[in-house]
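Working notes, structure below.
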2 protein chains.
Amino acid sequence: MAKSNPPFMSGVPELLLLRLLDNREMYGYELVRAIKEVTGEAISLGEGVIYPVLHSLERTGSLKARRKPVGGRTRVYYSLTRQGRGRLADLQEDWRRIQGGIETALESPGHA
Amino acid sequence: MAKSNPPFMSGVPELLLLRLLDNREMYGYELVRAIKEVTGEAISLGEGVIYPVLHSLERTGSLKARRKPVGGRTRVYYSLTRQGRGRLADLQEDWRRIQGGIETALESPGHA
DNA sequence: TTAGATGCCTCGAATCACAAGGTATATGAT
DNA sequence: ATCATATACCTTGTGATTCGAGGCATCTAA
């Protein structure tokens with residue numbers, strides 16, 4: 001029935017979120033803009049990506065949420081749990097691995 | 001409606017294939033192993049990924065195919081077209097862009 | 001009062017990658 | 001001889017992920 005592993009190169013949104021939240025707690029709408037900014041406009045993830053990932057990370061215990069009313073609106077601030085820090089380290093290592101692999105491939109000899 | 005752009009970080013299989021074929025013509029089964037090898041085992045793409053991508057690249061004019069019987073079996077060798085070289089350059093630039101963006105994000109100040 | 005920004009959210013669809021299979025020939029071992 | 005493994009091509013079903021577009025509500029500025 002095809003258990004299907006996660007695609008070999010997913011988890012980048014997750015990685016970016018965890019990395020940002022490792023600095024300080026932030027809320028969803030803020031994270032959407034922060035990702036664009038911190039990647040030098042190279043990566044732009046919409047709310048339709050961010051919110052589900054945040055919820056998933058919370059469900060699996062990597063993040064904890066804190067609702068905070070700010071001027072009539074309500075923000076949901078997320079921060080890393082201990083487990084989340086572990087997850088971050090894992091994803092970071094995964095990323096370096098595949099990034100390194102691709103770099104090796106691109107730099108391998110033979111192209112003009 | 002939802003025309004949906006390609007996921008922000010797809011096209012890596014495509015990139016790797018084009019890069020390898022920029023050196024010399026190769027056939028599908030060979031490419032499956034070559035990707036594993038050239039990425040230092042970091043990335044392993046099965047035939048279920050490779051063959052469809054090759055067909056797609058041929059259909060869109062980035063690759064041309066050449067059937068070649070070898071000892072009873074038939075291999076399909078692929079090589080880059082001019083257009084394929086352009087496509088490779090584009091994908092390479094895309095990759096550098098997002099790779100750089102992520103690196104910036106990961107190295108940004110603030111983590112212990 | 002209307003438009004735009006903030007701030008949360010979800011849904012349907014597109015895209016992609018994965019595992020698992022199916023076909024066929026060759027080779028090596030039993 | 002026969003059976004397993006490697007080579008070599010392929011497709012199909014499914015699952016995971018992302019995308020776009022929207023909905024809801026509040027605040028601010030024109």
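Order determines the names: the first chain of the structure tokens is A, the second B, and so forth; residues in each chain are numbered 1 upward, and ligands are numbered 1 upward as they are shown.
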Please, which residues of chain B lie no more than 7 Å from chain A when the count uses only C-alpha atoms, and can they be set out as a PyMOL selection string?
chain B and resi 19+22-23+38-40+42-43+97-98+101-102+104-106+110-111
Residues from last step as file, C-alpha atoms, as a PDB file, in the first residue's frame:
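Result file is again_9.pdb:
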```
ATOM      1  CA  ARG B  19      23.762  18.374 -15.184  1.00  0.00           C
ATOM      2  CA  ASP B  22      25.778  17.873 -19.881  1.00  0.00           C
ATOM      3  CA  ASN B  23      28.897  15.748 -19.528  1.00  0.00           C
ATOM      4  CA  VAL B  38      27.555  11.889  -7.719  1.00  0.00           C
ATOM      5  CA  THR B  39      25.691  13.218  -4.711  1.00  0.00           C
ATOM      6  CA  GLY B  40      27.713  11.088  -2.346  1.00  0.00           C
ATOM      7  CA  ALA B  42      22.901  11.994  -0.242  1.00  0.00           C
ATOM      8  CA  ILE B  43      20.176  11.777  -2.837  1.00  0.00           C
ATOM      9  CA  ARG B  97      19.096  31.480  -5.342  1.00  0.00           C
ATOM     10  CA  ILE B  98      17.078  29.357  -3.007  1.00  0.00           C
ATOM     11  CA  GLY B 101      18.408  32.127   0.731  1.00  0.00           C
ATOM     12  CA  ILE B 102      18.271  29.184   3.057  1.00  0.00           C
ATOM     13  CA  THR B 104      21.351  33.136   4.855  1.00  0.00           C
ATOM     14  CA  ALA B 105      18.437  32.145   7.012  1.00  0.00           C
ATOM     15  CA  LEU B 106      20.336  29.420   8.794  1.00  0.00           C
ATOM     16  CA  GLY B 110      20.827  34.660  17.132  1.00  0.00           C
ATOM     17  CA  HIS B 111      21.091  30.987  17.693  1.00  0.00           C
TER      18      HIS B 111
END
```
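The shell of residues at most 9 Å from Arg73 (chain A), with only C-alpha atoms (C1' of nucleotides) counted and near chain neighbours (fewer than 5 positions) removed, consists of Lys68 of chain A; DT6 and DG7 of chain C; DA25, DT26 and DC27 of chain D.
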Could you turn the residues from that selection into a file that holds all heavy atoms, as an mmCIF file, in the first residue's frame?
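Once written, result_28.cif looks like this:
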```cif
data_model
loop_
_atom_site.group_PDB
_atom_site.id
_atom_site.type_symbol
_atom_site.label_atom_id
_atom_site.label_comp_id
_atom_site.auth_asym_id
_atom_site.auth_seq_id
_atom_site.Cartn_x
_atom_site.Cartn_y
_atom_site.Cartn_z
ATOM 1 N N LYS A 68 -2.210 35.783 22.418
ATOM 2 C CA LYS A 68 -1.900 37.061 23.042
ATOM 3 C C LYS A 68 -2.667 38.162 22.334
ATOM 4 O O LYS A 68 -2.416 38.429 21.164
ATOM 5 C CB LYS A 68 -0.392 37.315 22.911
ATOM 6 C CG LYS A 68 0.129 38.457 23.741
ATOM 7 C CD LYS A 68 1.633 38.562 23.480
ATOM 8 C CE LYS A 68 2.280 39.740 24.193
ATOM 9 N NZ LYS A 68 3.702 39.867 23.802
ATOM 10 P P DT C 6 0.843 45.183 7.224
ATOM 11 O OP1 DT C 6 2.023 45.773 7.902
ATOM 12 O OP2 DT C 6 0.985 44.193 6.143
ATOM 13 O "O5'" DT C 6 -0.104 44.522 8.336
ATOM 14 C "C5'" DT C 6 -0.325 45.234 9.544
ATOM 15 C "C4'" DT C 6 -1.386 44.536 10.363
ATOM 16 O "O4'" DT C 6 -2.570 44.312 9.560
ATOM 17 C "C3'" DT C 6 -0.990 43.157 10.912
ATOM 18 O "O3'" DT C 6 -1.030 43.220 12.327
ATOM 19 C "C2'" DT C 6 -2.039 42.201 10.334
ATOM 20 C "C1'" DT C 6 -3.196 43.146 10.043
ATOM 21 N N1 DT C 6 -4.162 42.689 9.001
ATOM 22 C C2 DT C 6 -5.419 42.348 9.403
ATOM 23 O O2 DT C 6 -5.793 42.376 10.562
ATOM 24 N N3 DT C 6 -6.250 41.943 8.374
ATOM 25 C C4 DT C 6 -5.952 41.872 7.019
ATOM 26 O O4 DT C 6 -6.787 41.500 6.203
ATOM 27 C C5 DT C 6 -4.606 42.258 6.677
ATOM 28 C C7 DT C 6 -4.169 42.235 5.246
ATOM 29 C C6 DT C 6 -3.783 42.641 7.670
ATOM 30 P P DG C 7 -0.257 42.272 13.237
ATOM 31 O OP1 DG C 7 -0.484 42.673 14.649
ATOM 32 O OP2 DG C 7 1.112 42.236 12.710
ATOM 33 O "O5'" DG C 7 -0.962 40.873 12.967
ATOM 34 C "C5'" DG C 7 -1.910 40.373 13.908
ATOM 35 C "C4'" DG C 7 -2.780 39.294 13.348
ATOM 36 O "O4'" DG C 7 -3.519 39.714 12.185
ATOM 37 C "C3'" DG C 7 -2.103 38.022 12.844
ATOM 38 O "O3'" DG C 7 -1.822 37.128 13.934
ATOM 39 C "C2'" DG C 7 -3.155 37.440 11.892
ATOM 40 C "C1'" DG C 7 -4.186 38.559 11.750
ATOM 41 N N9 DG C 7 -4.665 38.686 10.374
ATOM 42 C C8 DG C 7 -3.960 39.062 9.250
ATOM 43 N N7 DG C 7 -4.668 39.045 8.155
ATOM 44 C C5 DG C 7 -5.915 38.609 8.568
ATOM 45 C C6 DG C 7 -7.095 38.364 7.825
ATOM 46 O O6 DG C 7 -7.280 38.489 6.617
ATOM 47 N N1 DG C 7 -8.146 37.937 8.661
ATOM 48 C C2 DG C 7 -8.048 37.747 10.020
ATOM 49 N N2 DG C 7 -9.145 37.322 10.654
ATOM 50 N N3 DG C 7 -6.952 37.970 10.723
ATOM 51 C C4 DG C 7 -5.931 38.391 9.945
ATOM 52 P P DA D 25 -17.329 37.215 11.216
ATOM 53 O OP1 DA D 25 -18.110 36.636 12.338
ATOM 54 O OP2 DA D 25 -18.009 37.963 10.131
ATOM 55 O "O5'" DA D 25 -16.200 38.172 11.830
ATOM 56 C "C5'" DA D 25 -15.347 37.669 12.829
ATOM 57 C "C4'" DA D 25 -14.176 38.617 13.022
ATOM 58 O "O4'" DA D 25 -13.340 38.588 11.849
ATOM 59 C "C3'" DA D 25 -14.589 40.081 13.183
ATOM 60 O "O3'" DA D 25 -14.356 40.467 14.535
ATOM 61 C "C2'" DA D 25 -13.694 40.855 12.230
ATOM 62 C "C1'" DA D 25 -12.675 39.820 11.782
ATOM 63 N N9 DA D 25 -12.203 40.030 10.424
ATOM 64 C C8 DA D 25 -12.925 39.930 9.278
ATOM 65 N N7 DA D 25 -12.222 40.187 8.188
ATOM 66 C C5 DA D 25 -10.958 40.475 8.660
ATOM 67 C C6 DA D 25 -9.761 40.837 8.033
ATOM 68 N N6 DA D 25 -9.642 40.955 6.716
ATOM 69 N N1 DA D 25 -8.684 41.053 8.817
ATOM 70 C C2 DA D 25 -8.809 40.927 10.137
ATOM 71 N N3 DA D 25 -9.884 40.593 10.852
ATOM 72 C C4 DA D 25 -10.931 40.379 10.043
ATOM 73 P P DT D 26 -14.876 41.925 15.022
ATOM 74 O OP1 DT D 26 -15.305 41.787 16.437
ATOM 75 O OP2 DT D 26 -15.782 42.463 13.991
ATOM 76 O "O5'" DT D 26 -13.521 42.769 14.978
ATOM 77 C "C5'" DT D 26 -12.451 42.412 15.841
ATOM 78 C "C4'" DT D 26 -11.204 43.152 15.402
ATOM 79 O "O4'" DT D 26 -11.034 42.958 13.986
ATOM 80 C "C3'" DT D 26 -11.296 44.676 15.588
ATOM 81 O "O3'" DT D 26 -10.299 45.074 16.515
ATOM 82 C "C2'" DT D 26 -11.048 45.265 14.189
ATOM 83 C "C1'" DT D 26 -10.409 44.094 13.453
ATOM 84 N N1 DT D 26 -10.613 44.096 11.990
ATOM 85 C C2 DT D 26 -9.532 44.375 11.189
ATOM 86 O O2 DT D 26 -8.421 44.631 11.629
ATOM 87 N N3 DT D 26 -9.794 44.357 9.833
ATOM 88 C C4 DT D 26 -10.999 44.087 9.233
ATOM 89 O O4 DT D 26 -11.116 44.101 8.009
ATOM 90 C C5 DT D 26 -12.089 43.799 10.129
ATOM 91 C C7 DT D 26 -13.445 43.485 9.577
ATOM 92 C C6 DT D 26 -11.844 43.822 11.447
ATOM 93 P P DC D 27 -10.415 46.502 17.198
ATOM 94 O OP1 DC D 27 -9.819 46.353 18.542
ATOM 95 O OP2 DC D 27 -11.796 47.010 17.031
ATOM 96 O "O5'" DC D 27 -9.443 47.423 16.313
ATOM 97 C "C5'" DC D 27 -8.035 47.179 16.352
ATOM 98 C "C4'" DC D 27 -7.389 47.847 15.148
ATOM 99 O "O4'" DC D 27 -8.044 47.395 13.953
ATOM 100 C "C3'" DC D 27 -7.496 49.373 15.135
ATOM 101 O "O3'" DC D 27 -6.191 49.912 15.337
ATOM 102 C "C2'" DC D 27 -8.073 49.711 13.750
ATOM 103 C "C1'" DC D 27 -7.880 48.404 12.984
ATOM 104 N N1 DC D 27 -8.876 48.154 11.892
ATOM 105 C C2 DC D 27 -8.442 48.191 10.559
ATOM 106 O O2 DC D 27 -7.251 48.456 10.318
ATOM 107 N N3 DC D 27 -9.333 47.949 9.567
ATOM 108 C C4 DC D 27 -10.609 47.671 9.857
ATOM 109 N N4 DC D 27 -11.448 47.426 8.840
ATOM 110 C C5 DC D 27 -11.076 47.615 11.200
ATOM 111 C C6 DC D 27 -10.184 47.868 12.179
#
```
Select all residues from chain D having any atom no more than 8 Å from an atom of chain B (counting only C-alpha atoms (C1' of nucleotides), ignoring ligands), output as a ChimeraX atom specification.
/D:8-10,18-21
Hey, can you spit out that residue selection with C-alpha atoms (C1' of nucleotides) as an mmCIF file, in the first residue's frame?
```
data_model
loop_
_atom_site.group_PDB
_atom_site.id
_atom_site.type_symbol
_atom_site.label_atom_id
_atom_site.label_comp_id
_atom_site.auth_asym_id
_atom_site.auth_seq_id
_atom_site.Cartn_x
_atom_site.Cartn_y
_atom_site.Cartn_z
ATOM 1 C "C1'" DA D 8 16.917 -2.142 -18.616
ATOM 2 C "C1'" DC D 9 12.702 -0.245 -19.798
ATOM 3 C "C1'" DC D 10 8.152 1.311 -18.221
ATOM 4 C "C1'" DT D 18 2.659 23.100 -1.636
ATOM 5 C "C1'" DC D 19 -0.150 26.599 -4.062
ATOM 6 C "C1'" DG D 20 -3.762 29.859 -4.773
ATOM 7 C "C1'" DA D 21 -7.826 31.761 -3.485
#
```
Just list the residues in region 8-69 of chain A DSSP gives helix (DSSP H, G or I) on the backbone, as number ranges by chain.
A: 12-21, 28-38, 47-59
Give me the chain C side of the contact with chain A, cut-off 9 Å, one line per residue showing its nearest atom pair and distance in Å at one decimal, counting only C-alpha atoms (C1' of nucleotides), sorted by chain and residue number, as a Markdown table.
```
| residue | atom | partner | partner_atom | distance |
| --- | --- | --- | --- | --- |
| C:DT6 | C1' | A:Tyr29 | CA | 8.2 |
| C:DG7 | C1' | A:Tyr29 | CA | 6.4 |
| C:DC8 | C1' | A:Arg75 | CA | 7.8 |
| C:DC9 | C1' | A:Tyr51 | CA | 7.9 |
| C:DT10 | C1' | A:Gly48 | CA | 8.5 |
| C:DC16 | C1' | A:Pro7 | CA | 8.2 |
| C:DA17 | C1' | A:Pro7 | CA | 5.4 |
| C:DC18 | C1' | A:Ser4 | CA | 4.9 |
| C:DA19 | C1' | A:Ala2 | CA | 4.9 |
| C:DA20 | C1' | A:Ala2 | CA | 7.0 |
```
Would you save the residues from that selection as an mmCIF file, in the first residue's frame, using N, CA, C and O atoms (P, O5', C5', C4', C3', O3' and C1' of nucleotides)?
```cif
data_model
loop_
_atom_site.group_PDB
_atom_site.id
_atom_site.type_symbol
_atom_site.label_atom_id
_atom_site.label_comp_id
_atom_site.auth_asym_id
_atom_site.auth_seq_id
_atom_site.Cartn_x
_atom_site.Cartn_y
_atom_site.Cartn_z
ATOM 1 P P DT C 6 0.843 45.183 7.224
ATOM 2 O "O5'" DT C 6 -0.104 44.522 8.336
ATOM 3 C "C5'" DT C 6 -0.325 45.234 9.544
ATOM 4 C "C4'" DT C 6 -1.386 44.536 10.363
ATOM 5 C "C3'" DT C 6 -0.990 43.157 10.912
ATOM 6 O "O3'" DT C 6 -1.030 43.220 12.327
ATOM 7 C "C1'" DT C 6 -3.196 43.146 10.043
ATOM 8 P P DG C 7 -0.257 42.272 13.237
ATOM 9 O "O5'" DG C 7 -0.962 40.873 12.967
ATOM 10 C "C5'" DG C 7 -1.910 40.373 13.908
ATOM 11 C "C4'" DG C 7 -2.780 39.294 13.348
ATOM 12 C "C3'" DG C 7 -2.103 38.022 12.844
ATOM 13 O "O3'" DG C 7 -1.822 37.128 13.934
ATOM 14 C "C1'" DG C 7 -4.186 38.559 11.750
ATOM 15 P P DC C 8 -1.370 35.670 13.615
ATOM 16 O "O5'" DC C 8 -2.720 34.867 13.261
ATOM 17 C "C5'" DC C 8 -3.576 34.473 14.312
ATOM 18 C "C4'" DC C 8 -4.894 33.996 13.769
ATOM 19 C "C3'" DC C 8 -4.845 32.638 13.089
ATOM 20 O "O3'" DC C 8 -4.985 31.599 14.040
ATOM 21 C "C1'" DC C 8 -6.253 34.179 11.909
ATOM 22 P P DC C 9 -4.511 30.184 13.647
ATOM 23 O "O5'" DC C 9 -5.458 29.793 12.410
ATOM 24 C "C5'" DC C 9 -6.819 29.505 12.685
ATOM 25 C "C4'" DC C 9 -7.625 29.428 11.413
ATOM 26 C "C3'" DC C 9 -7.325 28.259 10.489
ATOM 27 O "O3'" DC C 9 -7.927 27.086 11.025
ATOM 28 C "C1'" DC C 9 -7.898 30.254 9.282
ATOM 29 P P DT C 10 -7.667 25.719 10.311
ATOM 30 O "O5'" DT C 10 -8.558 25.779 8.986
ATOM 31 C "C5'" DT C 10 -9.880 26.244 9.045
ATOM 32 C "C4'" DT C 10 -10.510 26.061 7.678
ATOM 33 C "C3'" DT C 10 -10.258 24.684 7.056
ATOM 34 O "O3'" DT C 10 -11.439 24.255 6.389
ATOM 35 C "C1'" DT C 10 -9.419 26.368 5.617
ATOM 36 P P DC C 16 5.794 19.871 -10.962
ATOM 37 O "O5'" DC C 16 6.449 18.809 -9.967
ATOM 38 C "C5'" DC C 16 6.651 19.199 -8.610
ATOM 39 C "C4'" DC C 16 6.641 18.004 -7.722
ATOM 40 C "C3'" DC C 16 7.558 16.876 -8.184
ATOM 41 O "O3'" DC C 16 8.740 16.972 -7.405
ATOM 42 C "C1'" DC C 16 5.494 16.090 -7.190
ATOM 43 P P DA C 17 10.021 16.125 -7.869
ATOM 44 O "O5'" DA C 17 9.897 14.859 -6.921
ATOM 45 C "C5'" DA C 17 9.877 15.063 -5.524
ATOM 46 C "C4'" DA C 17 9.372 13.823 -4.824
ATOM 47 C "C3'" DA C 17 10.209 12.569 -5.105
ATOM 48 O "O3'" DA C 17 10.643 12.046 -3.874
ATOM 49 C "C1'" DA C 17 7.885 12.134 -5.396
ATOM 50 P P DC C 18 11.541 10.732 -3.888
ATOM 51 O "O5'" DC C 18 10.467 9.591 -3.564
ATOM 52 C "C5'" DC C 18 9.649 9.776 -2.406
ATOM 53 C "C4'" DC C 18 8.777 8.548 -2.211
ATOM 54 C "C3'" DC C 18 9.526 7.253 -2.521
ATOM 55 O "O3'" DC C 18 9.624 6.460 -1.363
ATOM 56 C "C1'" DC C 18 7.407 7.330 -3.655
ATOM 57 P P DA C 19 10.501 5.118 -1.498
ATOM 58 O "O5'" DA C 19 9.400 3.966 -1.631
ATOM 59 C "C5'" DA C 19 8.209 4.070 -0.859
ATOM 60 C "C4'" DA C 19 7.186 3.064 -1.343
ATOM 61 C "C3'" DA C 19 7.748 1.651 -1.554
ATOM 62 O "O3'" DA C 19 6.834 0.737 -0.987
ATOM 63 C "C1'" DA C 19 6.743 2.437 -3.563
ATOM 64 P P DA C 20 7.196 -0.819 -0.935
ATOM 65 O "O5'" DA C 20 6.433 -1.386 -2.218
ATOM 66 C "C5'" DA C 20 5.106 -0.938 -2.472
ATOM 67 C "C4'" DA C 20 4.662 -1.414 -3.838
ATOM 68 C "C3'" DA C 20 5.212 -2.788 -4.231
ATOM 69 O "O3'" DA C 20 4.136 -3.686 -4.420
ATOM 70 C "C1'" DA C 20 5.396 -1.220 -6.011
#
```
Within 10 Å of Leu18 (chain A), counting only C-alpha atoms (C1' of nucleotides), which residues qualify if same-chain residues fewer than 5 places away don't, as a PyMOL selection string?
chain A and resi 12-13+23+54+57+62-63+78-80+84-85+87-89+91-92
